[in-house]
>>> print(open('coords.pdb').read())   # PDB, C-alpha atoms
ATOM      1  CA  MET A   1       6.316  13.485 -18.918
ATOM      2  CA  ILE A   2       4.750  14.391 -15.571
ATOM      3  CA  ALA A   3       5.071  10.769 -14.420
ATOM      4  CA  ILE A   4       8.794  10.762 -15.260
ATOM      5  CA  ALA A   5       9.299  13.998 -13.303
ATOM      6  CA  GLY A   6       7.384  12.479 -10.356
ATOM      7  CA  VAL A   7       9.543   9.354 -10.398
ATOM      8  CA  ALA A   8      12.718  11.454 -10.589
ATOM      9  CA  ALA A   9      11.558  13.582  -7.640
ATOM     10  CA  GLY A  10      10.758  10.424  -5.660
ATOM     11  CA  VAL A  11      14.205   8.950  -6.333
ATOM     12  CA  LEU A  12      15.894  12.186  -5.281
ATOM     13  CA  ALA A  13      13.794  12.314  -2.100
ATOM     14  CA  LEU A  14      14.691   8.704  -1.301
ATOM     15  CA  LEU A  15      18.392   9.412  -1.813
ATOM     16  CA  GLY A  16      18.034  12.334   0.594
ATOM     17  CA  VAL A  17      16.451  10.025   3.205
ATOM     18  CA  ILE A  18      19.253   7.504   2.736
ATOM     19  CA  GLN A  19      21.901  10.208   3.081
ATOM     20  CA  PHE A  20      20.164  11.572   6.188
ATOM     21  CA  ALA A  21      19.902   8.094   7.722
ATOM     22  CA  LEU A  22      23.566   7.388   7.067
ATOM     23  CA  SER A  23      24.658  10.672   8.626
ATOM     24  CA  GLY A  24      22.562  10.258  11.796
ATOM     25  CA  ASP A  25      24.257  10.617  15.169
ATOM     26  CA  ASN A  26      22.203   7.697  16.410
ATOM     27  CA  SER A  27      23.681   5.177  13.959
ATOM     28  CA  ALA A  28      25.750   2.132  14.812
ATOM     29  CA  ALA A  29      26.545   0.183  11.631
ATOM     30  CA  GLN A  30      27.664  -3.336  12.363
ATOM     31  CA  PRO A  31      28.723  -5.069   9.148
ATOM     32  CA  ASN A  32      29.530  -8.730   9.156
ATOM     33  CA  VAL A  33      33.162  -9.721   8.877
ATOM     34  CA  THR A  34      32.470 -13.264   7.749
ATOM     35  CA  GLY A  35      30.044 -14.286   5.048
ATOM     36  CA  THR A  36      29.536 -17.463   3.110
ATOM     37  CA  THR A  37      28.373 -18.001  -0.424
ATOM     38  CA  THR A  38      26.852 -21.209  -1.740
ATOM     39  CA  THR A  39      25.230 -22.182  -5.000
ATOM     40  CA  SER A  40      22.368 -24.623  -5.277
ATOM     41  CA  ASN A  41      19.513 -25.587  -7.538
ATOM     42  CA  GLY A  42      16.467 -23.391  -6.841
ATOM     43  CA  VAL A  43      14.404 -26.423  -5.833
ATOM     44  CA  GLU A  44      16.696 -27.164  -2.869
ATOM     45  CA  THR A  45      16.815 -23.616  -1.513
ATOM     46  CA  PRO A  46      15.047 -22.948   1.807
ATOM     47  CA  ASP A  47      11.907 -20.793   1.627
ATOM     48  CA  GLY A  48      11.062 -22.167  -1.821
ATOM     49  CA  ALA A  49      13.789 -20.146  -3.584
ATOM     50  CA  LEU A  50      13.059 -16.839  -5.181
ATOM     51  CA  GLU A  51       9.466 -16.567  -6.327
ATOM     52  CA  THR A  52      10.728 -14.689  -9.363
ATOM     53  CA  THR A  53      13.143 -17.312 -10.667
ATOM     54  CA  GLU A  54      12.643 -20.095 -13.127
ATOM     55  CA  PRO A  55      12.686 -23.639 -11.644
ATOM     56  CA  SER A  56      16.008 -24.494 -13.303
ATOM     57  CA  ALA A  57      17.784 -21.344 -12.174
ATOM     58  CA  ASP A  58      20.819 -21.651  -9.928
ATOM     59  CA  VAL A  59      20.244 -19.742  -6.725
ATOM     60  CA  LYS A  60      23.368 -18.261  -5.161
ATOM     61  CA  VAL A  61      23.281 -17.547  -1.446
ATOM     62  CA  THR A  62      25.254 -15.352   0.947
ATOM     63  CA  THR A  63      24.679 -15.636   4.682
ATOM     64  CA  GLY A  64      25.944 -13.484   7.511
ATOM     65  CA  SER A  65      24.876 -10.665   9.764
ATOM     66  CA  PHE A  66      24.537  -7.231   8.198
ATOM     67  CA  LYS A  67      22.749  -4.878  10.560
ATOM     68  CA  GLN A  68      22.052  -1.365  11.699
ATOM     69  CA  GLN A  69      20.759  -0.116  15.033
ATOM     70  CA  ARG A  70      19.124   3.280  15.471
ATOM     71  CA  GLY A  71      17.646   4.072  18.834
ATOM     72  CA  MET A  72      15.624   1.087  19.981
ATOM     73  CA  LEU A  73      15.252  -0.488  16.530
ATOM     74  CA  THR A  74      17.654  -2.958  14.916
ATOM     75  CA  VAL A  75      17.311  -4.222  11.340
ATOM     76  CA  GLU A  76      19.417  -7.199  10.253
ATOM     77  CA  VAL A  77      19.863  -8.971   6.915
ATOM     78  CA  THR A  78      20.931 -12.592   7.490
ATOM     79  CA  ARG A  79      20.657 -14.100   4.007
ATOM     80  CA  VAL A  80      20.793 -12.900   0.408
ATOM     81  CA  GLU A  81      19.548 -15.074  -2.467
ATOM     82  CA  ALA A  82      20.236 -14.158  -6.095
ATOM     83  CA  ALA A  83      19.195 -15.894  -9.304
ATOM     84  CA  ASN A  84      19.079 -14.500 -12.841
ATOM     85  CA  GLY A  85      19.509 -10.923 -11.572
ATOM     86  CA  ARG A  86      16.628 -11.254  -9.074
ATOM     87  CA  VAL A  87      17.354 -10.704  -5.369
ATOM     88  CA  LYS A  88      15.655 -11.697  -2.124
ATOM     89  CA  LEU A  89      16.845 -10.391   1.267
ATOM     90  CA  PHE A  90      15.949 -12.171   4.523
ATOM     91  CA  VAL A  91      15.341  -9.425   7.070
ATOM     92  CA  THR A  92      14.700  -9.329  10.825
ATOM     93  CA  ALA A  93      13.607  -6.230  12.751
ATOM     94  CA  THR A  94      13.927  -6.057  16.541
ATOM     95  CA  ASN A  95      12.039  -3.449  18.555
ATOM     96  CA  ALA A  96      13.533  -3.007  22.033
ATOM     97  CA  SER A  97      11.093  -0.232  22.973
ATOM     98  CA  GLN A  98       7.881  -0.316  24.987
ATOM     99  CA  ALA A  99       5.723   0.776  22.018
ATOM    100  CA  ARG A 100       5.030  -0.755  18.629
ATOM    101  CA  MET A 101       6.745   0.429  15.457
ATOM    102  CA  VAL A 102       5.551   0.104  11.884
ATOM    103  CA  LEU A 103       8.018  -0.325   9.008
ATOM    104  CA  PRO A 104       5.713  -0.190   5.974
ATOM    105  CA  VAL A 105       6.482  -2.173   2.818
ATOM    106  CA  ASP A 106       5.962   0.958   0.709
ATOM    107  CA  GLY A 107       8.797   2.565   2.678
ATOM    108  CA  ILE A 108      11.324  -0.085   1.578
ATOM    109  CA  ALA A 109      13.959   0.904  -0.964
ATOM    110  CA  VAL A 110      17.202  -0.706  -2.041
ATOM    111  CA  LEU A 111      20.154   1.157  -3.527
ATOM    112  CA  ASP A 112      22.948  -0.704  -5.304
ATOM    113  CA  ASP A 113      26.607   0.294  -5.207
ATOM    114  CA  LEU A 114      26.208   1.847  -8.676
ATOM    115  CA  LYS A 115      23.563   4.245  -7.231
ATOM    116  CA  ARG A 116      20.529   2.604  -8.876
ATOM    117  CA  THR A 117      17.363   2.396  -6.757
ATOM    118  CA  TYR A 118      14.988  -0.577  -6.622
ATOM    119  CA  ALA A 119      11.504  -0.829  -5.131
ATOM    120  CA  ALA A 120      10.386  -3.860  -3.151
ATOM    121  CA  SER A 121       6.583  -3.820  -3.296
ATOM    122  CA  SER A 122       6.334  -7.593  -3.796
ATOM    123  CA  SER A 123       8.060  -8.285  -0.471
ATOM    124  CA  LYS A 124       6.666 -10.593   2.198
ATOM    125  CA  TRP A 125       7.024  -8.086   4.995
ATOM    126  CA  ASP A 126       4.340  -7.534   7.650
ATOM    127  CA  GLY A 127       5.798  -4.229   8.856
ATOM    128  CA  LEU A 128       4.390  -4.327  12.399
ATOM    129  CA  VAL A 129       6.994  -4.854  15.114
ATOM    130  CA  THR A 130       5.300  -4.935  18.487
ATOM    131  CA  GLN A 131       6.999  -3.696  21.625
ATOM    132  CA  GLY A 132       9.895  -5.824  22.820
ATOM    133  CA  SER A 133       9.649  -8.271  19.909
ATOM    134  CA  THR A 134      11.262  -9.381  16.676
ATOM    135  CA  THR A 135       9.641  -9.920  13.282
ATOM    136  CA  SER A 136      11.094 -11.457  10.132
ATOM    137  CA  GLY A 137      10.237 -11.445   6.454
ATOM    138  CA  THR A 138      11.678 -11.223   2.980
ATOM    139  CA  VAL A 139      12.381  -8.210   0.824
ATOM    140  CA  VAL A 140      12.146  -9.069  -2.872
ATOM    141  CA  LEU A 141      13.358  -6.523  -5.401
ATOM    142  CA  ASP A 142      10.771  -5.700  -8.061
ATOM    143  CA  GLU A 143      13.383  -5.424 -10.822
ATOM    144  CA  LYS A 144      16.424  -7.398 -11.861
ATOM    145  CA  LEU A 145      19.765  -5.978 -10.765
ATOM    146  CA  GLY A 146      21.908  -4.276 -13.348
ATOM    147  CA  SER A 147      25.263  -5.776 -14.256
ATOM    148  CA  GLY A 148      28.328  -5.018 -12.171
ATOM    149  CA  VAL A 149      26.513  -4.704  -8.820
ATOM    150  CA  ASN A 150      28.485  -5.987  -5.817
ATOM    151  CA  SER A 151      26.545  -4.748  -2.786
ATOM    152  CA  LEU A 152      23.224  -3.291  -1.700
ATOM    153  CA  THR A 153      21.904  -0.770   0.816
ATOM    154  CA  LEU A 154      18.486  -1.491   2.345
ATOM    155  CA  THR A 155      16.438   1.409   3.733
ATOM    156  CA  PHE A 156      13.185   1.365   5.656
ATOM    157  CA  SER A 157      11.748   4.886   5.590
ATOM    158  CA  SER A 158       8.422   6.176   6.900
ATOM    159  CA  ILE A 159       8.857   4.281  10.178
ATOM    160  CA  SER A 160       6.173   5.223  12.664
ATOM    161  CA  GLY A 161       5.813   4.687  16.382
ATOM    162  CA  GLN A 162       6.494   6.512  19.628
ATOM    163  CA  PHE A 163      10.120   5.343  19.716
ATOM    164  CA  ALA A 164      10.800   5.300  15.956
ATOM    165  CA  PRO A 165      14.362   6.323  15.019
ATOM    166  CA  THR A 166      15.070  10.010  14.498
ATOM    167  CA  GLY A 167      14.275  10.812  10.879
ATOM    168  CA  ALA A 168      11.855   7.839  10.725
ATOM    169  CA  ALA A 169      14.365   5.750   8.756
ATOM    170  CA  ILE A 170      16.961   3.036   9.216
ATOM    171  CA  THR A 171      19.539   1.936   6.628
ATOM    172  CA  VAL A 172      21.660  -1.223   6.402
ATOM    173  CA  THR A 173      24.705  -0.710   4.172
ATOM    174  CA  GLY A 174      27.268  -3.043   2.621
ATOM    175  CA  ILE A 175      25.030  -6.051   2.022
ATOM    176  CA  PRO A 176      27.138  -8.224  -0.339
ATOM    177  CA  LEU A 177      25.660 -10.058  -3.292
ATOM    178  CA  PRO A 178      26.537 -13.736  -3.715
ATOM    179  CA  LYS A 179      28.968 -14.457  -6.538
TER     180      LYS A 179
END
>>> encode(input="coords.pdb", output="structure tokens")
Amino acid sequence: MIAIAGVAAGVLALLGVIQFALSGDNSAAQPNVTGTTTTSNGVETPDGALETTEPSADVKVTTGSFKQQRGMLTVEVTRVEAANGRVKLFVTATNASQARMVLPVDGIAVLDDLKRTYAASSSKWDGLVTQGSTTSGTVVLDEKLGSGVNSLTLTFSSISGQFAPTGAAITVTGIPLPK
């Protein structure tokens, strides 16, 4: 019972961080206006397909540029792969400051358009973005998506560094799922 209350409190805290990040004065959402969706066999997909899919699963892909800039940090999602309810996001973080920033993997959360939250602890994300550089990785959702989900919101919270965004979080909204 205590564990359930702890999880509920964590979800509510995360939703508060997401709401705070979305209401920040320092936000400049830049959704993509053109996206493409393709379907292929998982074996042919770049990056070895989703680690969580079966070899015969069809992997659907959406590409584009879905990004958010807060202060001197920009986070961009360029590709979304989905297969059997599993999702992998290809993410790039650019640090335009003169000091390093850390975007820890345990600070990653994804919210779907039906308000369900997903963790991403199995992601391949280094988290360290040195000054004036860009780093890339993948964010893999730990759970399958529920039915009826059309888009996702990716949040990095607990960002540290001298020039980390106000509120120590950045959120990318409106990331479409491939159909």
>>> resolve_selection(input="coords.pdb", expression="the PyMOL selection byres ((chain A and resi 78) around 9)", output="PDB file with C-alpha atoms, in the frame of the given file")
ATOM      1  CA  THR A  62      25.254 -15.352   0.947  1.00  0.00           C
ATOM      2  CA  THR A  63      24.679 -15.636   4.682  1.00  0.00           C
ATOM      3  CA  GLY A  64      25.944 -13.484   7.511  1.00  0.00           C
ATOM      4  CA  SER A  65      24.876 -10.665   9.764  1.00  0.00           C
ATOM      5  CA  PHE A  66      24.537  -7.231   8.198  1.00  0.00           C
ATOM      6  CA  LYS A  67      22.749  -4.878  10.560  1.00  0.00           C
ATOM      7  CA  GLU A  76      19.417  -7.199  10.253  1.00  0.00           C
ATOM      8  CA  VAL A  77      19.863  -8.971   6.915  1.00  0.00           C
ATOM      9  CA  ARG A  79      20.657 -14.100   4.007  1.00  0.00           C
ATOM     10  CA  VAL A  80      20.793 -12.900   0.408  1.00  0.00           C
ATOM     11  CA  LEU A  89      16.845 -10.391   1.267  1.00  0.00           C
ATOM     12  CA  PHE A  90      15.949 -12.171   4.523  1.00  0.00           C
ATOM     13  CA  VAL A  91      15.341  -9.425   7.070  1.00  0.00           C
ATOM     14  CA  THR A  92      14.700  -9.329  10.825  1.00  0.00           C
TER      15      THR A  92
END
>>> residues_around(input="coords.pdb", residues="stretch 135-137 of chain A", least_positions_apart="2", cutoff="8 Å", atoms="all atoms listed in the file", output="PyMOL selection string")
chain A and resi 90-94+123-126+128-129+133+139
>>> closest_residue(input="coords.pdb", among="A:Val110, A:Leu73, A:Leu141, A:Ala120", to="A:Ile175", atoms="all atoms listed in the file")
A:Val110
>>> atom_distance(input="coords.pdb", atom1="atom CA of A:Gly107", atom2="atom CA of A:Leu154")
10.5 Å
>>> closest_residue(input="coords.pdb", among="A:Thr130, A:Thr138, A:Asn84, A:Thr74", to="A:Pro178", atoms="only C-alpha atoms")
A:Asn84
>>> closest_residue(input="coords.pdb", among="A:Gln131, A:Asp58, A:Gln98, A:Ala109", to="A:Ala169", atoms="only C-alpha atoms")
A:Ala109
>>> atom_distance(input="coords.pdb", atom1="atom CA of A:Gly85", atom2="atom CA of A:Thr173")
19.5 Å
>>> atom_distance(input="coords.pdb", atom1="atom CA of A:Asp106", atom2="atom CA of A:Lys179")
28.6 Å
>>> residues_around(input="coords.pdb", residues="A:Arg86", least_positions_apart="6", cutoff="7 Å", atoms="only C-alpha atoms", output="ChimeraX atom specification")
/A:52,141,143-145
>>> write_last_selection(input="coords.pdb", atoms="C-alpha atoms", output="compact mmCIF listing (two decimals), keeping the file's coordinate frame")
# COMPACT_ATOMS: atom_id res chain seq x y z
CA THR A 52 10.73 -14.69 -9.36
CA LEU A 141 13.36 -6.52 -5.40
CA GLU A 143 13.38 -5.42 -10.82
CA LYS A 144 16.42 -7.40 -11.86
CA LEU A 145 19.76 -5.98 -10.76
